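K.L.:
Mind looking over this structure? Questions follow.
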Protein chains: 2
Amino acid sequence: MSTASDTAYDKIRSHLLAGKVRPGDRLTEELLSEIAGVSRTPVREAVSRLERELLLTRTETNRILVSDWGEDEIDEMFTLRQMLEGHAAERAAIRLDEDQIDELARINQELHDAVALDQPDVAGFLDANRLFHETVTQAAHSPRLGQILAMLVEQPVVLHTAREYSIEDLKQSARDHDELIAAFRARDPHWARAVMGSHLRRAFHVFADAMRDQQGQGAKGRAAE
Amino acid sequence: MSTASDTAYDKIRSHLLAGKVRPGDRLTEELLSEIAGVSRTPVREAVSRLERELLLTRTETNRILVSDWGEDEIDEMFTLRQMLEGHAAERAAIRLDEDQIDELARINQELHDAVALDQPDVAGFLDANRLFHETVTQAAHSPRLGQILAMLVEQPVVLHTAREYSIEDLKQSARDHDELIAAFRARDPHWARAVMGSHLRRAFHVFADAMRDQQGQGAKGRAAE
DNA sequence: TGCGCACCTATTGTATACAATTTGCCCTCG
DNA sequence: CGAGGGCAAATTGTATACAATAGGTGCGCA
């Protein structure tokens with residue numbers, strides 16, 4: 001992970017997610033290379049990766065743009081995730097062995113723990129959450145599916161800086177995972193798919209609401225600049 | 001386009017599809033830059049693109065490998081396409097206007113024409129077929145979905161060099177499209193999804209059969225070398 | 001003989017200089 | 001005063017040289 005490309009990727013990504021730029025802003029490779037502290041060559045690789053993940057776009061003439069993530073885009077993304085992760089859960093349900101299910105249960109315990117505190121550990125929650133979903137996706141044994149989901153899942157992190165999630169939402173997520181684990185133990189692919197579907201669809205609404213709040217704040221913040 | 005990256009992409013891709021290499025073979029950037037006639041810089045971009053499209057892979061230590069497309073991978077790919085293009089057809093059914101449906105009908109006429117001849121025009125058929133599916137995908141108005149499908153649809157072309165498709169299979173494809181168009185005219189998303197699903201699933205079997213035949217031939221060919 | 005280490009080679013990663021393209025501005029002309 | 005054309009600056013695209021890392025081979029030692 002010590003390569004310059006990865007450094008560039010991480011730094012540029014943080015820069016984007018920290019809200020230093022606004023959707024539609026034009027960026028240059030040189031500017032990004034200053035931010036990342038490496039030359040343009042690895043920056044170009046990082047940009048291409050961020051492009052794949054749709055955090056950046058290019059104009060017809062290859063200028064770099066910050067992507068626009070409105071509610072429609074979020075909806076679209078969660079719809080695709082629901083379809084694909086539902087499929088992944090279905091496959092996982094008939095492929096996971098006992099040990100792997102135990103492992104999922106262990107990971108989900110972390111989720112429960114993270115929100116049981118007075119001050120919920122949101123970062124820890126999100127890490128464990130990602131690991132949980134990744135583990136399920138892995139268990140589907142479908143490399144292309146995994147690749148596509150990796151690309152889609154990257155984006156919601158945009159909002160992780162804003163901790164707009166209510167504790168109750170987080171707790172409900174962990175409970176959804178519990179039910180998913182139950183579906184796995186029962187080896188019931190249809191149940192697994194259904195749980196994953198409703199889990200992600202509700203997540204969409206939580207997320208969209210949080211985004212609306214954050215946008216309001218962002219506007220105020222900017223106005224105050 | 002006329003950029004060196006695109007040249008590299010085209011030439012390397014042709015090289016792969018022409019069967020000059022076998023799945024699992026290791027390639028080097030330098031070799032590829034000789035093949036493409038450009039320097040390593042654009043080659044690296046081309047490789048990264050081919051990696052996205054899963055025609056190439058990298059080892060843990062970033063060596064370039066020719067991807068392995070066995071029957072499992074083909075199955076996986078068509079399963080994902082069925083899911084995603086089914087979704088696209090569903091969305092398209094409630095978004096297409098009359099003119100666009102007429103356009104689809106026109107494209108599909110090309111498909112019918114291409115196989116009506118004594119010597120079917122396979123290349124023309126495949127081009128028109130791709131255009132048909134792309135048009136439907138476009139009409140779904142879901143950029144991310146489009147991007148993912150573009151990535152998935154790239155691959156089957158691997159076999160286009162082998163014209164193992166029977167005329168009857170091609171004619172059936174065109175008839176499937178007719179039915180899809182009927183579903184669009186009826187503005188029935190469920191019908192559209194179902195037709196697209198069975199269309200792609202049968203295409204999988206045709207494709208897998210063709211691949212098995214080709215592999216047999218390939219083995220003979222190699223043995224004779 | 002078989003294992004492991006060291007060195008040499010092959011290959012990928014990065015920086016930099018230069019080429020090609022695009023952008024924005026200013027100037028001219030109608 | 002506006003439209004168009006062309007020039008200069010900004011930006012992306014490509015080549016090449018060098019740096020860092022991985023692979024492989026042969027030798028020594030048990």
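If you're wondering about the labels, chains in the structure tokens are A, B, ... by order shown, residues count from 1 in each chain, ligands from 1 in order shown.
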Residues of chain B no more than 12 Å from chain C, counting only C-alpha atoms (C1' of nucleotides): send them over as a list in words.
P.N.:
Ser2, Thr3, Ala4, Arg26, Leu27, Thr28, Glu29, Glu30, Leu31, Arg40, Thr41, Arg44, Arg58, Thr59, Thr61, Asn62, Arg63 and Ile64 of chain B
K.L.:
Which residues, written as a PyMOL selection string, have at least one atom at most 7 Å from His199 (chain A), with only C-alpha atoms (C1' of nucleotides) counted and residues fewer than 4 positions away on the same chain left out?
P.N.:
chain A and resi 176+195+203
K.L.:
Give me a file of those residues, with C-alpha atoms, as an mmCIF file, in the first residue's frame.
P.N.:
data_model
loop_
_atom_site.group_PDB
_atom_site.id
_atom_site.type_symbol
_atom_site.label_atom_id
_atom_site.label_comp_id
_atom_site.auth_asym_id
_atom_site.auth_seq_id
_atom_site.Cartn_x
_atom_site.Cartn_y
_atom_site.Cartn_z
ATOM 1 C CA ASP A 176 -30.998 -6.313 10.087
ATOM 2 C CA VAL A 195 -33.653 -9.171 4.218
ATOM 3 C CA ALA A 203 -30.492 2.486 4.298
#
K.L.:
Under the rule of at most 8 Å, produce a per-residue listing of chain A near chain B: chain, number, name, the closest pair of atoms, and the distance in Å, as a tab-separated table, using only C-alpha atoms.
P.N.:
residue	atom	partner	partner_atom	distance
A:Glu76	CA	B:Ser142	CA	7.0
A:Met77	CA	B:Arg144	CA	7.5
A:Leu80	CA	B:Leu145	CA	7.5
A:Met83	CA	B:Met83	CA	7.7
A:Ser142	CA	B:Glu76	CA	6.9
A:Arg144	CA	B:Met77	CA	7.5
A:Leu145	CA	B:Leu80	CA	7.5
A:Ile148	CA	B:Ile148	CA	7.2
K.L.:
With N, CA and C atoms retained, write the just-selected residues as a PDB file, in the first residue's frame.
P.N.:
ATOM      1  N   GLU A  76     -30.342   5.634  -7.496  1.00  0.00           N
ATOM      2  CA  GLU A  76     -29.894   4.699  -8.518  1.00  0.00           C
ATOM      3  C   GLU A  76     -28.869   3.718  -7.938  1.00  0.00           C
ATOM      4  N   MET A  77     -27.940   4.288  -7.192  1.00  0.00           N
ATOM      5  CA  MET A  77     -26.863   3.469  -6.654  1.00  0.00           C
ATOM      6  C   MET A  77     -27.405   2.435  -5.673  1.00  0.00           C
ATOM      7  N   LEU A  80     -29.228  -0.366  -7.486  1.00  0.00           N
ATOM      8  CA  LEU A  80     -28.314  -1.348  -8.051  1.00  0.00           C
ATOM      9  C   LEU A  80     -27.728  -2.231  -6.959  1.00  0.00           C
ATOM     10  N   MET A  83     -30.189  -4.839  -5.823  1.00  0.00           N
ATOM     11  CA  MET A  83     -30.296  -5.936  -6.787  1.00  0.00           C
ATOM     12  C   MET A  83     -29.090  -6.869  -6.667  1.00  0.00           C
ATOM     13  N   SER A 142     -18.333 -14.928  -6.584  1.00  0.00           N
ATOM     14  CA  SER A 142     -18.588 -14.397  -7.929  1.00  0.00           C
ATOM     15  C   SER A 142     -17.710 -13.165  -8.112  1.00  0.00           C
ATOM     16  N   ARG A 144     -16.760 -11.205 -10.489  1.00  0.00           N
ATOM     17  CA  ARG A 144     -17.229 -10.018 -11.198  1.00  0.00           C
ATOM     18  C   ARG A 144     -18.245  -9.251 -10.377  1.00  0.00           C
ATOM     19  N   LEU A 145     -19.121  -9.992  -9.743  1.00  0.00           N
ATOM     20  CA  LEU A 145     -20.082  -9.366  -8.841  1.00  0.00           C
ATOM     21  C   LEU A 145     -19.342  -8.590  -7.766  1.00  0.00           C
ATOM     22  N   ILE A 148     -17.898  -5.332  -9.184  1.00  0.00           N
ATOM     23  CA  ILE A 148     -18.913  -4.306  -9.431  1.00  0.00           C
ATOM     24  C   ILE A 148     -19.372  -3.693  -8.117  1.00  0.00           C
TER      25      ILE A 148
END
K.L.:
Within 8 Å of region 105-107 of chain B, counting only C-alpha atoms (C1' of nucleotides), which residues show up once you throw out same-chain ones fewer than 4 positions away? Write them as a list in words, please.
P.N.:
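Listed by chain and then number, they are Ile101, Leu111, Ala128, Leu131, Phe132, Asp178 and Ile181 of chain B.
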K.L.:
Go ahead and save the picked residues with C-alpha atoms, as a PDB file, in the first residue's frame.
P.N.:
ATOM      1  CA  ILE B 101     -39.411   2.282 -30.150  1.00  0.00           C
ATOM      2  CA  LEU B 111     -30.822  -8.101 -37.536  1.00  0.00           C
ATOM      3  CA  ALA B 128     -26.687  -4.346 -34.825  1.00  0.00           C
ATOM      4  CA  LEU B 131     -26.597  -1.353 -30.879  1.00  0.00           C
ATOM      5  CA  PHE B 132     -30.015  -2.725 -29.976  1.00  0.00           C
ATOM      6  CA  ASP B 178     -39.465  -8.416 -31.705  1.00  0.00           C
ATOM      7  CA  ILE B 181     -40.429  -4.333 -28.800  1.00  0.00           C
TER       8      ILE B 181
END
K.L.:
Enumerate as JSON, numbers by chain the residues belonging to chain D that approach chain B to within 9 Å, with only C-alpha atoms (C1' of nucleotides) taken into account.
P.N.:
{"D": [13, 14, 15, 16, 22]}
K.L.:
Could you take the residues named above and write them with N, CA and C atoms (P, O5', C5', C4', C3', O3' and C1' of nucleotides), as a CSV table (one decimal), in the first residue's frame?
P.N.:
chain,number,residue,atom,x,y,z
D,13,DG,P,-5.7,13.4,-21.4
D,13,DG,O5',-4.5,13.3,-22.3
D,13,DG,C5',-4.7,13.4,-23.7
D,13,DG,C4',-3.4,13.0,-24.5
D,13,DG,C3',-2.9,11.6,-24.2
D,13,DG,O3',-2.5,11.0,-25.4
D,13,DG,C1',-1.2,13.1,-23.6
D,14,DT,P,-2.0,9.5,-25.5
D,14,DT,O5',-0.4,9.7,-25.5
D,14,DT,C5',0.2,10.4,-26.6
D,14,DT,C4',1.7,10.4,-26.4
D,14,DT,C3',2.3,9.0,-26.2
D,14,DT,O3',3.2,8.7,-27.2
D,14,DT,C1',3.2,10.6,-24.7
D,15,DA,P,4.0,7.4,-27.3
D,15,DA,O5',5.4,7.8,-26.8
D,15,DA,C5',6.1,8.9,-27.5
D,15,DA,C4',7.4,9.2,-26.8
D,15,DA,C3',8.3,8.0,-26.5
D,15,DA,O3',9.6,8.4,-27.0
D,15,DA,C1',7.9,9.2,-24.5
D,16,DT,P,10.7,7.3,-27.1
D,16,DT,O5',11.6,7.5,-25.8
D,16,DT,C5',12.0,8.9,-25.5
D,16,DT,C4',12.6,8.9,-24.1
D,16,DT,C3',13.4,7.7,-23.7
D,16,DT,O3',14.6,8.2,-23.1
D,16,DT,C1',11.9,8.2,-22.0
D,22,DA,P,7.6,-6.5,-4.3
D,22,DA,O5',7.8,-7.6,-5.4
D,22,DA,C5',7.1,-7.6,-6.6
D,22,DA,C4',7.7,-8.5,-7.6
D,22,DA,C3',7.8,-10.0,-7.2
D,22,DA,O3',7.3,-10.8,-8.2
D,22,DA,C1',9.9,-9.2,-8.0
K.L.:
Figure out the distance between CA of Leu104 (chain A) and CA of Val136 (chain A), please, to one decimal in Å.
P.N.:
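Between these atoms lies a distance of 8.1 Å.
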K.L.:
Could you tell me, as an NGL selection string, which residues of region 108-154 of chain B DSSP assigns to alpha helix (DSSP H) when given the backbone?
P.N.:
:B and (108-116 or 122-139 or 143-153)
K.L.:
Please, could you write that set of residues out with C-alpha atoms as a compact mmCIF listing (two decimals), in the first residue's frame?
P.N.:
# COMPACT_ATOMS: atom_id res chain seq x y z
CA ASN B 108 -33.96 -5.04 -35.32
CA GLN B 109 -34.89 -5.09 -38.98
CA GLU B 110 -31.17 -5.00 -39.67
CA LEU B 111 -30.82 -8.10 -37.54
CA HIS B 112 -33.51 -9.88 -39.49
CA ASP B 113 -31.93 -8.82 -42.77
CA ALA B 114 -28.48 -9.94 -41.72
CA VAL B 115 -29.64 -13.52 -41.24
CA ALA B 116 -32.10 -13.66 -44.11
CA VAL B 122 -22.55 -12.46 -38.71
CA ALA B 123 -20.44 -9.36 -38.13
CA GLY B 124 -23.30 -7.10 -39.18
CA PHE B 125 -25.66 -9.06 -36.98
CA LEU B 126 -23.44 -8.67 -33.95
CA ASP B 127 -22.97 -4.95 -34.52
CA ALA B 128 -26.69 -4.35 -34.82
CA ASN B 129 -27.31 -6.60 -31.85
CA ARG B 130 -24.96 -4.57 -29.73
CA LEU B 131 -26.60 -1.35 -30.88
CA PHE B 132 -30.02 -2.73 -29.98
CA HIS B 133 -28.97 -3.60 -26.45
CA GLU B 134 -27.15 -0.33 -26.01
CA THR B 135 -30.20 1.60 -27.09
CA VAL B 136 -32.35 -0.18 -24.55
CA THR B 137 -29.76 0.42 -21.86
CA GLN B 138 -29.56 4.10 -22.75
CA ALA B 139 -33.31 4.42 -22.49
CA PRO B 143 -25.70 6.16 -16.11
CA ARG B 144 -24.14 3.80 -13.60
CA LEU B 145 -26.14 0.91 -14.88
CA GLY B 146 -24.94 1.81 -18.35
CA GLN B 147 -21.35 1.90 -17.25
CA ILE B 148 -21.55 -1.48 -15.56
CA LEU B 149 -23.25 -3.09 -18.51
CA ALA B 150 -20.73 -1.65 -20.94
CA MET B 151 -18.08 -3.39 -18.91
CA LEU B 152 -19.90 -6.71 -18.87
CA VAL B 153 -20.95 -6.70 -22.48
K.L.:
CA of Glu85 (chain B) and CA of Ala192 (chain A) are how many Å apart?
P.N.:
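Rounded to one decimal, the two atoms are 22.7 Å apart.
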K.L.:
Would you work out the distance separating CA of Ile12 (chain A) from CA of Trp69 (chain A), expressed in Å to one decimal?
P.N.:
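These atoms are spaced 17.2 Å apart.
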K.L.:
Give the strand (DSSP E or B) residues of chain B, as DSSP finds them on the backbone, and put them as a list of chain:residue names.
P.N.:
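In chain B, DSSP puts these residues in strand (DSSP E or B): B:Arg26, B:Leu27, B:Leu56, B:Thr57, B:Arg58, B:Ile64, B:Leu65, B:Val66.
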K.L.:
Could you list, as a PyMOL selection string, every residue within 12 Å of His15 (chain B), counting only C-alpha atoms (C1' of nucleotides) and ignoring same-chain residues fewer than 3 positions away?
P.N.:
chain B and resi 8-12+18-22+27+31-32+34-36+55+66+158+161
K.L.:
Please produce an output containing N, CA and C atoms for each residue in the selection, written as a PDB file, in the first residue's frame.
P.N.:
ATOM      1  N   ALA B   8      -3.571   1.625 -28.587  1.00  0.00           N
ATOM      2  CA  ALA B   8      -3.051   0.527 -27.769  1.00  0.00           C
ATOM      3  C   ALA B   8      -4.187  -0.395 -27.359  1.00  0.00           C
ATOM      4  N   TYR B   9      -5.264   0.204 -26.889  1.00  0.00           N
ATOM      5  CA  TYR B   9      -6.408  -0.599 -26.463  1.00  0.00           C
ATOM      6  C   TYR B   9      -6.900  -1.488 -27.598  1.00  0.00           C
ATOM      7  N   ASP B  10      -7.108  -0.898 -28.754  1.00  0.00           N
ATOM      8  CA  ASP B  10      -7.629  -1.663 -29.888  1.00  0.00           C
ATOM      9  C   ASP B  10      -6.685  -2.792 -30.286  1.00  0.00           C
ATOM     10  N   LYS B  11      -5.414  -2.449 -30.402  1.00  0.00           N
ATOM     11  CA  LYS B  11      -4.472  -3.460 -30.880  1.00  0.00           C
ATOM     12  C   LYS B  11      -4.296  -4.594 -29.880  1.00  0.00           C
ATOM     13  N   ILE B  12      -4.195  -4.243 -28.628  1.00  0.00           N
ATOM     14  CA  ILE B  12      -4.016  -5.291 -27.615  1.00  0.00           C
ATOM     15  C   ILE B  12      -5.257  -6.168 -27.562  1.00  0.00           C
ATOM     16  N   ALA B  18      -7.778 -12.486 -31.014  1.00  0.00           N
ATOM     17  CA  ALA B  18      -7.333 -13.300 -32.138  1.00  0.00           C
ATOM     18  C   ALA B  18      -6.782 -14.639 -31.650  1.00  0.00           C
ATOM     19  N   GLY B  19      -6.716 -14.782 -30.336  1.00  0.00           N
ATOM     20  CA  GLY B  19      -6.268 -16.054 -29.786  1.00  0.00           C
ATOM     21  C   GLY B  19      -4.769 -16.262 -29.861  1.00  0.00           C
ATOM     22  N   LYS B  20      -4.024 -15.160 -29.930  1.00  0.00           N
ATOM     23  CA  LYS B  20      -2.565 -15.284 -29.978  1.00  0.00           C
ATOM     24  C   LYS B  20      -1.999 -15.649 -28.613  1.00  0.00           C
ATOM     25  N   VAL B  21      -2.836 -15.520 -27.623  1.00  0.00           N
ATOM     26  CA  VAL B  21      -2.388 -15.860 -26.274  1.00  0.00           C
ATOM     27  C   VAL B  21      -3.418 -16.782 -25.650  1.00  0.00           C
ATOM     28  N   ARG B  22      -2.992 -17.502 -24.640  1.00  0.00           N
ATOM     29  CA  ARG B  22      -3.912 -18.401 -23.976  1.00  0.00           C
ATOM     30  C   ARG B  22      -4.202 -17.906 -22.563  1.00  0.00           C
ATOM     31  N   LEU B  27       1.949 -11.550 -19.646  1.00  0.00           N
ATOM     32  CA  LEU B  27       2.375 -10.562 -20.635  1.00  0.00           C
ATOM     33  C   LEU B  27       3.165  -9.484 -19.917  1.00  0.00           C
ATOM     34  N   LEU B  31       6.278  -5.880 -23.988  1.00  0.00           N
ATOM     35  CA  LEU B  31       5.785  -6.673 -25.117  1.00  0.00           C
ATOM     36  C   LEU B  31       4.564  -6.018 -25.737  1.00  0.00           C
ATOM     37  N   LEU B  32       3.638  -5.627 -24.880  1.00  0.00           N
ATOM     38  CA  LEU B  32       2.412  -5.011 -25.378  1.00  0.00           C
ATOM     39  C   LEU B  32       2.691  -3.690 -26.078  1.00  0.00           C
ATOM     40  N   GLU B  34       5.286  -3.051 -27.803  1.00  0.00           N
ATOM     41  CA  GLU B  34       5.755  -3.379 -29.150  1.00  0.00           C
ATOM     42  C   GLU B  34       4.577  -3.729 -30.049  1.00  0.00           C
ATOM     43  N   ILE B  35       3.679  -4.535 -29.524  1.00  0.00           N
ATOM     44  CA  ILE B  35       2.498  -4.916 -30.296  1.00  0.00           C
ATOM     45  C   ILE B  35       1.704  -3.681 -30.708  1.00  0.00           C
ATOM     46  N   ALA B  36       1.547  -2.760 -29.770  1.00  0.00           N
ATOM     47  CA  ALA B  36       0.701  -1.602 -30.043  1.00  0.00           C
ATOM     48  C   ALA B  36       1.457  -0.507 -30.791  1.00  0.00           C
ATOM     49  N   LEU B  55     -10.668  -8.690 -19.276  1.00  0.00           N
ATOM     50  CA  LEU B  55      -9.954  -9.497 -20.261  1.00  0.00           C
ATOM     51  C   LEU B  55      -8.535  -9.746 -19.787  1.00  0.00           C
ATOM     52  N   VAL B  66      -3.481 -13.012 -18.834  1.00  0.00           N
ATOM     53  CA  VAL B  66      -4.658 -13.161 -19.682  1.00  0.00           C
ATOM     54  C   VAL B  66      -5.728 -13.878 -18.869  1.00  0.00           C
ATOM     55  N   VAL B 158     -15.165 -12.135 -27.358  1.00  0.00           N
ATOM     56  CA  VAL B 158     -14.062 -13.074 -27.449  1.00  0.00           C
ATOM     57  C   VAL B 158     -14.338 -14.158 -28.481  1.00  0.00           C
ATOM     58  N   THR B 161     -14.961 -14.276 -33.231  1.00  0.00           N
ATOM     59  CA  THR B 161     -14.128 -14.749 -34.326  1.00  0.00           C
ATOM     60  C   THR B 161     -14.612 -16.111 -34.792  1.00  0.00           C
TER      61      THR B 161
END
